[in-house]
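Okay, run18.tsv now, which holds TSV, C-alpha atoms:
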chain	number	residue	atom	x	y	z
Y	1472	MET	CA	130.85	114.25	74.57
Y	1473	VAL	CA	128.79	117.42	74.67
Y	1474	ALA	CA	125.43	118.44	73.32
Y	1475	ASP	CA	125.59	119.79	69.80
Y	1476	ARG	CA	125.31	123.43	68.86
Y	1477	GLN	CA	121.72	123.06	67.66
Y	1478	TYR	CA	120.69	121.89	71.14
Y	1479	GLN	CA	122.29	124.91	72.79
Y	1480	GLU	CA	120.63	127.25	70.27
Y	1481	ASN	CA	117.26	125.62	70.87
Y	1482	GLN	CA	117.67	126.21	74.59
Y	1483	LEU	CA	118.35	129.91	73.98
Y	1484	ARG	CA	115.40	130.26	71.63
Y	1485	ASP	CA	113.10	128.82	74.27
Y	1486	THR	CA	113.79	131.86	76.43
Y	1487	HIS	CA	112.12	134.20	73.91
Y	1488	LEU	CA	108.66	132.89	74.69
Y	1489	ASN	CA	106.31	135.44	76.16
Y	1490	VAL	CA	106.29	133.53	79.44
Y	1491	PRO	CA	109.65	131.92	80.30
Y	1492	GLN	CA	109.28	128.21	80.91
Y	1493	PRO	CA	110.61	126.82	84.19
Y	1494	LEU	CA	113.54	124.46	84.01
Y	1495	LEU	CA	113.17	120.69	84.40
Y	1496	VAL	CA	116.39	118.72	84.86
Y	1497	VAL	CA	116.34	115.11	83.68
Y	1498	LEU	CA	119.21	112.94	84.84
Y	1499	HIS	CA	119.58	109.42	83.47
Y	1500	GLY	CA	122.18	106.74	83.00
Y	1501	ALA	CA	122.93	103.11	83.65
Y	1502	THR	CA	122.43	101.38	86.97
Y	1503	ALA	CA	125.21	102.18	89.48
Y	1504	SER	CA	126.36	105.23	87.50
Y	1505	GLY	CA	125.76	107.59	90.43
Y	1506	LYS	CA	122.45	109.21	89.47
Y	1507	THR	CA	121.18	109.50	93.03
Y	1508	SER	CA	124.37	111.09	94.32
Y	1509	LEU	CA	124.43	113.70	91.58
Y	1510	ALA	CA	120.71	114.41	91.88
Y	1511	VAL	CA	121.07	115.05	95.62
Y	1512	HIS	CA	124.01	117.41	95.03
Y	1513	LEU	CA	122.07	119.38	92.41
Y	1514	ALA	CA	118.94	119.50	94.56
Y	1515	GLU	CA	120.86	120.87	97.54
Y	1516	ARG	CA	122.62	123.49	95.45
Y	1517	PHE	CA	119.60	124.71	93.50
Y	1518	SER	CA	116.65	124.25	95.91
Y	1519	GLY	CA	115.52	121.18	94.03
Y	1520	GLU	CA	113.26	118.22	94.66
Y	1521	ILE	CA	113.91	114.80	93.17
Y	1522	VAL	CA	111.35	112.78	91.22
Y	1523	SER	CA	112.44	109.15	91.00
Y	1524	CYS	CA	112.09	107.40	87.64
Y	1525	ASP	CA	112.45	103.73	88.56
Y	1526	SER	CA	109.89	101.05	87.83
Y	1527	VAL	CA	110.81	98.99	90.92
Y	1528	ALA	CA	111.39	101.82	93.42
Y	1529	VAL	CA	107.68	102.71	93.18
Y	1530	TYR	CA	106.94	99.61	95.30
Y	1531	ARG	CA	106.89	99.68	99.07
Y	1532	ASP	CA	108.77	97.06	101.06
Y	1533	LEU	CA	111.34	96.56	98.29
Y	1534	GLU	CA	114.39	98.28	99.68
Y	1535	ILE	CA	117.66	96.39	99.39
Y	1536	GLY	CA	117.27	95.18	95.82
Y	1537	THR	CA	116.13	98.53	94.49
Y	1538	ALA	CA	119.04	100.67	95.71
Y	1539	LYS	CA	116.60	103.41	96.67
Y	1540	PRO	CA	118.04	106.63	98.09
Y	1541	SER	CA	119.12	106.08	101.66
Y	1542	PRO	CA	117.15	107.56	104.58
Y	1543	GLU	CA	119.95	110.11	104.98
Y	1544	GLU	CA	119.68	111.16	101.32
Y	1545	ARG	CA	115.89	111.42	101.56
Y	1546	ALA	CA	116.27	113.58	104.65
Y	1547	ARG	CA	118.59	115.98	102.80
Y	1548	VAL	CA	116.16	116.78	99.97
Y	1549	PRO	CA	112.52	115.93	99.19
Y	1550	HIS	CA	111.97	112.81	97.06
Y	1551	HIS	CA	108.88	111.84	95.09
Y	1552	MET	CA	107.62	108.67	93.35
Y	1553	LEU	CA	109.16	106.29	95.87
Y	1554	ASP	CA	107.07	103.72	97.78
Y	1555	VAL	CA	103.93	104.61	95.84
Y	1556	VAL	CA	102.10	101.25	95.83
Y	1557	THR	CA	102.35	97.84	97.46
Y	1558	PRO	CA	104.06	95.07	95.49
Y	1559	ASP	CA	100.80	93.22	94.81
Y	1560	GLN	CA	99.29	96.23	93.00
Y	1561	ALA	CA	99.59	96.68	89.24
Y	1562	TYR	CA	101.45	99.84	88.27
Y	1563	THR	CA	102.03	100.89	84.68
Y	1564	ALA	CA	104.12	103.45	82.83
Y	1565	GLY	CA	100.92	105.43	82.34
Y	1566	ASP	CA	100.23	105.44	86.07
Y	1567	TYR	CA	103.76	106.66	86.67
Y	1568	ALA	CA	103.58	109.38	84.01
Y	1569	ARG	CA	100.37	110.86	85.44
Y	1570	ALA	CA	101.63	110.89	89.03
Y	1571	ALA	CA	105.13	112.12	88.12
Y	1572	ARG	CA	103.73	114.98	86.03
Y	1573	THR	CA	101.66	116.04	89.02
Y	1574	SER	CA	104.79	115.98	91.20
Y	1575	VAL	CA	106.85	117.96	88.67
Y	1576	ALA	CA	104.13	120.62	88.32
Y	1577	ALA	CA	103.78	120.94	92.10
Y	1578	ILE	CA	107.55	121.35	92.56
Y	1579	ALA	CA	107.66	124.08	89.91
Y	1580	ALA	CA	104.66	125.79	91.52
Y	1581	ARG	CA	106.68	125.97	94.75
Y	1582	GLU	CA	109.40	127.67	92.68
Y	1583	ASN	CA	111.78	124.80	93.35
Y	1584	LEU	CA	113.75	122.93	90.71
Y	1585	PRO	CA	112.26	119.57	89.65
Y	1586	ILE	CA	114.95	116.94	89.01
Y	1587	VAL	CA	113.84	113.67	87.44
Y	1588	ALA	CA	116.44	110.98	88.13
Y	1589	GLY	CA	116.38	107.32	87.22
Y	1590	GLY	CA	117.14	104.59	84.76
Y	1591	THR	CA	113.79	103.23	83.56
Y	1592	GLY	CA	113.69	104.41	79.96
Y	1593	LEU	CA	110.05	103.54	79.33
Y	1594	TYR	CA	108.87	105.48	82.38
Y	1595	LEU	CA	110.97	108.48	81.38
Y	1596	ARG	CA	109.59	108.41	77.86
Y	1597	ALA	CA	106.04	108.16	79.21
Y	1598	LEU	CA	106.67	111.18	81.44
Y	1599	LEU	CA	108.26	113.41	78.79
Y	1600	ASP	CA	106.71	112.23	75.53
Y	1601	GLY	CA	103.40	110.80	76.67
Y	1602	LEU	CA	101.78	107.46	75.96
Y	1603	PHE	CA	99.74	106.37	73.01
Y	1604	PRO	CA	96.08	105.43	73.66
Y	1605	GLY	CA	96.64	101.69	73.65
Y	1606	PRO	CA	93.90	99.14	72.99
Y	1607	GLN	CA	91.89	97.58	75.78
Y	1608	ARG	CA	93.39	94.57	77.50
Y	1609	SER	CA	92.29	91.20	76.19
Y	1610	GLU	CA	92.26	88.78	79.10
Y	1611	SER	CA	91.60	85.81	76.81
Y	1612	LEU	CA	94.65	86.59	74.68
Y	1613	ARG	CA	96.73	87.27	77.77
Y	1614	GLN	CA	95.72	83.93	79.26
Y	1615	ARG	CA	96.69	82.09	76.08
Y	1616	LEU	CA	100.06	83.83	76.02
Y	1617	ARG	CA	100.66	83.05	79.70
Y	1618	GLN	CA	99.89	79.39	79.03
Y	1619	GLN	CA	102.34	79.36	76.15
Y	1620	SER	CA	104.95	81.04	78.33
Y	1621	ASN	CA	104.49	78.46	81.08
Y	1622	LYS	CA	104.68	75.65	78.54
Y	1623	ARG	CA	107.43	76.89	76.21
Y	1624	GLY	CA	109.20	79.58	78.24
Y	1625	THR	CA	109.54	83.33	77.81
Y	1626	ASP	CA	111.90	82.74	74.87
Y	1627	TYR	CA	108.81	81.78	72.89
Y	1628	LEU	CA	107.15	85.11	73.70
Y	1629	ALA	CA	110.31	86.98	72.75
Y	1630	LYS	CA	110.40	85.13	69.41
Y	1631	VAL	CA	106.76	86.04	68.69
Y	1632	LEU	CA	107.40	89.69	69.54
Y	1633	ARG	CA	110.51	89.82	67.35
Y	1634	ARG	CA	108.31	88.77	64.44
Y	1635	LEU	CA	105.58	91.31	65.26
Y	1636	ASP	CA	107.69	94.23	66.46
Y	1637	PRO	CA	111.49	93.93	66.30
Y	1638	VAL	CA	111.97	97.41	67.78
Y	1639	SER	CA	110.01	96.64	70.96
Y	1640	ALA	CA	111.58	93.18	71.18
Y	1641	ALA	CA	115.03	94.79	71.30
Y	1642	ARG	CA	113.95	97.01	74.20
Y	1643	ILE	CA	112.21	94.41	76.39
Y	1644	HIS	CA	114.16	91.84	78.36
Y	1645	PRO	CA	113.44	88.33	77.05
Y	1646	ASN	CA	112.58	87.17	80.57
Y	1647	ASP	CA	110.06	89.97	81.25
Y	1648	ALA	CA	106.90	88.01	80.49
Y	1649	PRO	CA	104.36	90.76	81.47
Y	1650	LYS	CA	105.93	93.34	79.15
Y	1651	LEU	CA	106.33	90.81	76.33
Y	1652	ILE	CA	102.68	89.82	76.65
Y	1653	ARG	CA	101.50	93.43	76.61
Y	1654	ALA	CA	103.63	94.27	73.58
Y	1655	ILE	CA	102.28	91.25	71.68
Y	1656	GLU	CA	98.73	92.11	72.74
Y	1657	VAL	CA	99.03	95.72	71.58
Y	1658	SER	CA	100.68	94.77	68.28
Y	1659	ILE	CA	97.91	92.29	67.49
Y	1660	ALA	CA	95.04	94.54	68.59
Y	1661	ALA	CA	96.42	97.67	66.91
Y	1662	ARG	CA	97.34	95.71	63.77
Y	1663	GLN	CA	100.70	97.40	63.74
Y	1664	PRO	CA	103.89	97.17	65.81
Y	1665	MET	CA	103.51	98.63	69.27
Y	1666	SER	CA	106.60	100.77	68.61
Y	1667	ALA	CA	104.83	102.35	65.62
Y	1668	ALA	CA	101.63	102.90	67.62
Y	1669	TRP	CA	103.74	104.74	70.21
Y	1670	GLU	CA	104.48	107.42	67.64
Y	1671	ALA	CA	100.81	108.33	67.20
Y	1672	GLY	CA	98.50	110.14	69.57
Y	1673	ARG	CA	100.94	110.88	72.39
Y	1674	ASP	CA	100.64	113.85	74.72
Y	1675	PRO	CA	104.11	115.26	75.45
Y	1676	LEU	CA	104.90	117.14	78.63
Y	1677	ARG	CA	104.49	120.89	78.05
Y	1678	GLY	CA	105.37	124.02	79.94
Y	1679	PHE	CA	108.99	123.19	80.80
Y	1680	ARG	CA	112.41	123.81	79.32
Y	1681	ILE	CA	114.16	120.46	79.69
Y	1682	LEU	CA	117.86	119.98	80.36
Y	1683	ARG	CA	118.77	116.33	79.81
Y	1684	LEU	CA	121.94	115.12	81.50
Y	1685	GLY	CA	123.28	111.63	80.88
Y	1686	LEU	CA	125.94	109.85	82.92
Y	1687	ASN	CA	128.39	107.83	80.85
Y	1688	PRO	CA	131.16	106.40	83.06
Y	1689	PRO	CA	133.80	104.06	81.59
Y	1690	ARG	CA	132.21	100.66	81.15
Y	1691	PRO	CA	134.91	98.59	82.91
Y	1692	GLU	CA	134.68	100.80	86.00
Y	1693	LEU	CA	130.88	100.70	85.85
Y	1694	TYR	CA	130.94	96.90	85.82
Y	1695	VAL	CA	133.17	96.88	88.89
Y	1696	ARG	CA	130.62	99.02	90.74
Y	1697	ILE	CA	127.75	96.85	89.52
Y	1698	ASN	CA	129.48	93.71	90.80
Y	1699	GLU	CA	130.22	95.32	94.16
Y	1700	ARG	CA	126.64	96.57	94.51
Y	1701	ALA	CA	125.25	93.09	93.82
Y	1702	GLU	CA	127.50	91.57	96.49
Y	1703	ASP	CA	126.48	94.28	98.94
Y	1704	MET	CA	122.79	93.53	98.34
Y	1705	PHE	CA	123.23	89.91	99.36
Y	1706	SER	CA	125.46	90.74	102.32
Y	1707	HIS	CA	122.96	93.33	103.57
Y	1708	GLY	CA	119.91	91.05	103.63
Y	1709	LEU	CA	118.45	90.74	100.12
Y	1710	VAL	CA	117.63	87.07	100.62
Y	1711	GLU	CA	115.92	87.72	103.95
Y	1712	GLU	CA	113.96	90.63	102.47
Y	1713	THR	CA	112.88	88.43	99.56
Y	1714	GLU	CA	111.79	85.67	101.94
Y	1715	HIS	CA	109.63	88.20	103.80
Y	1716	LEU	CA	108.12	89.46	100.54
Y	1717	LEU	CA	107.30	85.93	99.40
Y	1718	ALA	CA	105.58	85.19	102.70
Y	1719	ARG	CA	103.57	88.41	102.61
Y	1720	TYR	CA	102.70	88.79	98.92
Y	1721	GLY	CA	103.09	85.32	97.45
Y	1722	PRO	CA	105.17	83.86	94.61
Y	1723	ASP	CA	103.17	85.59	91.86
Y	1724	CYS	CA	104.19	89.07	93.07
Y	1725	ARG	CA	105.50	90.70	89.89
Y	1726	PRO	CA	108.26	92.86	91.44
Y	1727	LEU	CA	109.92	89.66	92.65
Y	1728	THR	CA	110.82	88.95	89.01
Y	1729	SER	CA	113.04	92.06	88.92
Y	1730	LEU	CA	116.83	91.90	88.99
Y	1731	GLY	CA	118.27	90.63	92.24
Y	1732	TYR	CA	114.95	89.49	93.64
Y	1733	ARG	CA	114.57	86.89	90.90
Y	1734	GLN	CA	117.94	85.39	91.79
Y	1735	ALA	CA	117.19	85.55	95.53
Y	1736	VAL	CA	113.94	83.63	94.90
Y	1737	MET	CA	115.89	80.97	92.99
Y	1738	LEU	CA	118.32	80.74	95.92
Y	1739	LEU	CA	115.46	80.27	98.38
Y	1740	HIS	CA	113.97	77.55	96.16
Y	1741	GLY	CA	117.27	75.71	96.05
Y	1742	GLU	CA	117.78	76.38	92.34
Y	1743	LEU	CA	120.98	78.36	92.88
Y	1744	THR	CA	123.75	78.40	95.46
Y	1745	ARG	CA	124.50	81.72	97.13
Y	1746	GLU	CA	127.63	82.17	95.03
Y	1747	ALA	CA	125.76	81.37	91.84
Y	1748	ALA	CA	122.92	83.73	92.79
Y	1749	ILE	CA	125.37	86.58	93.32
Y	1750	ALA	CA	127.12	85.87	90.03
Y	1751	ALA	CA	123.79	85.68	88.18
Y	1752	THR	CA	122.68	88.98	89.73
Y	1753	GLN	CA	125.92	90.64	88.69
Y	1754	GLN	CA	125.57	89.37	85.13
Y	1755	ALA	CA	121.91	90.41	84.94
Y	1756	HIS	CA	122.71	93.94	86.08
Y	1757	ARG	CA	125.60	94.23	83.61
Y	1758	ASN	CA	123.27	93.16	80.82
Y	1759	TYR	CA	120.69	95.66	82.02
Y	1760	ALA	CA	123.31	98.42	81.94
Y	1761	LYS	CA	124.01	97.59	78.29
Y	1762	ARG	CA	120.32	97.84	77.43
Y	1763	GLN	CA	120.04	101.14	79.30
Y	1764	ALA	CA	123.01	102.55	77.38
Y	1765	THR	CA	121.39	101.56	74.08
Y	1766	TRP	CA	118.05	103.08	75.07
Y	1767	PHE	CA	119.39	106.39	76.34
Y	1768	ARG	CA	121.77	106.82	73.41
Y	1769	ASN	CA	118.65	107.14	71.25
Y	1770	GLU	CA	117.19	109.91	73.39
Y	1771	PRO	CA	117.35	113.40	71.88
Y	1772	GLU	CA	119.32	116.43	73.04
Y	1773	VAL	CA	121.27	114.83	75.87
Y	1774	TYR	CA	124.33	116.48	77.39
Y	1775	TRP	CA	126.57	113.53	78.19
Y	1776	LEU	CA	128.78	113.63	81.28
Y	1777	GLU	CA	131.76	111.31	80.93
Y	1778	GLY	CA	132.05	109.93	84.45
Y	1779	PHE	CA	130.19	108.86	87.60
Y	1780	GLY	CA	127.68	111.08	89.34
Y	1781	ASN	CA	129.80	111.33	92.48
Y	1782	ASP	CA	132.97	112.42	90.64
Y	1783	ALA	CA	133.88	115.94	91.73
Y	1784	ALA	CA	134.48	117.06	88.14
Y	1785	ILE	CA	131.11	115.71	87.02
Y	1786	VAL	CA	129.31	117.37	89.93
Y	1787	GLN	CA	130.93	120.67	88.97
Y	1788	GLU	CA	130.18	120.28	85.25
Y	1789	ALA	CA	126.55	119.37	85.87
Y	1790	GLY	CA	126.18	122.25	88.32
Y	1791	ASN	CA	127.55	124.69	85.77
Y	1792	LEU	CA	125.09	123.48	83.15
Y	1793	VAL	CA	122.14	123.85	85.49
Y	1794	GLU	CA	123.33	127.27	86.68
Y	1795	ASN	CA	123.62	128.45	83.08
Y	1796	GLN	CA	120.07	127.35	82.26
Y	1797	LEU	CA	118.69	128.97	85.41
Y	1798	ARG	CA	120.53	132.18	84.52
Y	1799	ILE	CA	118.96	132.14	81.06
Y	1800	HIS	CA	115.55	131.72	82.67
Y	1801	ARG	CA	116.13	134.60	85.08
Y	1802	GLU	CA	117.28	136.90	82.29
Y	1803	ALA	CA	114.32	135.99	80.13
Y	1804	ARG	CA	111.97	136.52	83.06
Y	1805	ASP	CA	113.49	139.92	83.73
Y	1806	GLY	CA	113.12	140.93	80.09
Y	1807	ILE	CA	116.79	140.98	79.15
Y	1808	ASP	CA	117.36	140.64	75.39
Y	1809	LEU	CA	119.70	137.69	74.91
Y	1810	GLN	CA	120.15	138.17	71.16
Y	1811	PRO	CA	123.64	139.42	70.18
Y	1812	SER	CA	123.88	143.07	69.23
Y	1813	MET	CA	123.77	143.78	65.49
Y	1814	GLU	CA	125.58	147.12	65.88
Now that the file is in, can you turn its structure into structure tokens?
Amino acid sequence: MVADRQYQENQLRDTHLNVPQPLLVVLHGATASGKTSLAVHLAERFSGEIVSCDSVAVYRDLEIGTAKPSPEERARVPHHMLDVVTPDQAYTAGDYARAARTSVAAIAARENLPIVAGGTGLYLRALLDGLFPGPQRSESLRQRLRQQSNKRGTDYLAKVLRRLDPVSAARIHPNDAPKLIRAIEVSIAARQPMSAAWEAGRDPLRGFRILRLGLNPPRPELYVRINERAEDMFSHGLVEETEHLLARYGPDCRPLTSLGYRQAVMLLHGELTREAAIAATQQAHRNYAKRQATWFRNEPEVYWLEGFGNDAAIVQEAGNLVENQLRIHREARDGIDLQPSME
């Protein structure tokens, strides 16, 4: 599946600005689709630097369960927005957007190619489209919602949010209590669904021509990779890492509710056997991949690549797309008229 003609025409029209805008490559897709591999290839070929877009990879000390780029990959090209804060620090999509925009601008200022790569849709939207000026936090309301969650489970919060804001409820995992609570809080305070409030007052990223690339490998093959990755996490020390994190940061550490770590905690507490924890992690990641696919399918002007990021054909196709956009930028910068001759 390719981008439509209107998208390609829009890209060409962008080059007729008085000052050509630098290119920003955005690479997204489901977990285990090969985003890191492709991003590293593109960065090496085009003097790029990678800006991670992952809501768990921003935390230090979380390594195995986050599938962060390996030390070898980080040594090959510069990476940004990894290991930003400790796991006991609060970190929001707004925090990410501000820091990531600073990184993207600095990369462009060095005349390198910024490549945003990751699978956290909310963080990507915050970076590119901006955030709405949400209402102040209400600790009293939050406390009441936490009490209800502890008493009746996160399913109760999900049910409340579905009534207030079905769109946000479809995007937030029913076990993600902090996000459910915030969405309910915003919907009540704003007196409108949070998803509707998002559409007002946002500050989109400006000054870049954006090429969006999406990885779309065959789902059965993706699920095989997801299952293998989950097994590898447990065999390479996820449980031991989780035990260390619990001892250092305590059981209320929010990142420990993320996929893989949640199941490792349950294993350590005797709630799951090792086999059951692995199976639950595999299922959770497959479900997450489905939600990611739904989210990113709604993103505009995406050039979809039908394969994994480490497939040779996909690497070549993505490289050709980036090369074409960089060529357009160079020609616009040099004052070459790209409009077809009317003679």
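Every protein, DNA or RNA residue with an atom at most 8 Å from Thr1507 of chain Y, where only C-alpha atoms count and chain neighbours fewer than 6 positions away do not, is listed here: Pro1540, Ala1588, Gly1589 and Gly1780 of chain Y.
The closest residue to Asp1600 of chain Y, picked from Y:Arg1677, Y:Ala1510, Y:Leu1684, Y:Ala1501 and counting all atoms listed in the file, is Y:Arg1677.
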Report as AutoDock Vina command-line options the centre and the edge lengths, in Å to one decimal, of the axis-aligned box holding every listed atom of segment 1609-1618 of chain Y, padded by 3 Å on each side.
--center_x 96.1 --center_y 85.3 --center_z 77.2 --size_x 15.1 --size_y 17.8 --size_z 11.0
(request) Kindly indicate which residue among Y:Ala1597, Y:Arg1673, Y:Thr1591, Y:Thr1557 lies nearest to Arg1569 of chain Y, using all atoms listed in the file for the distances. (result) Y:Ala1597
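Note that atom CA of Glu1520 of chain Y and atom CA of Val1548 of chain Y are 6.2 Å apart.
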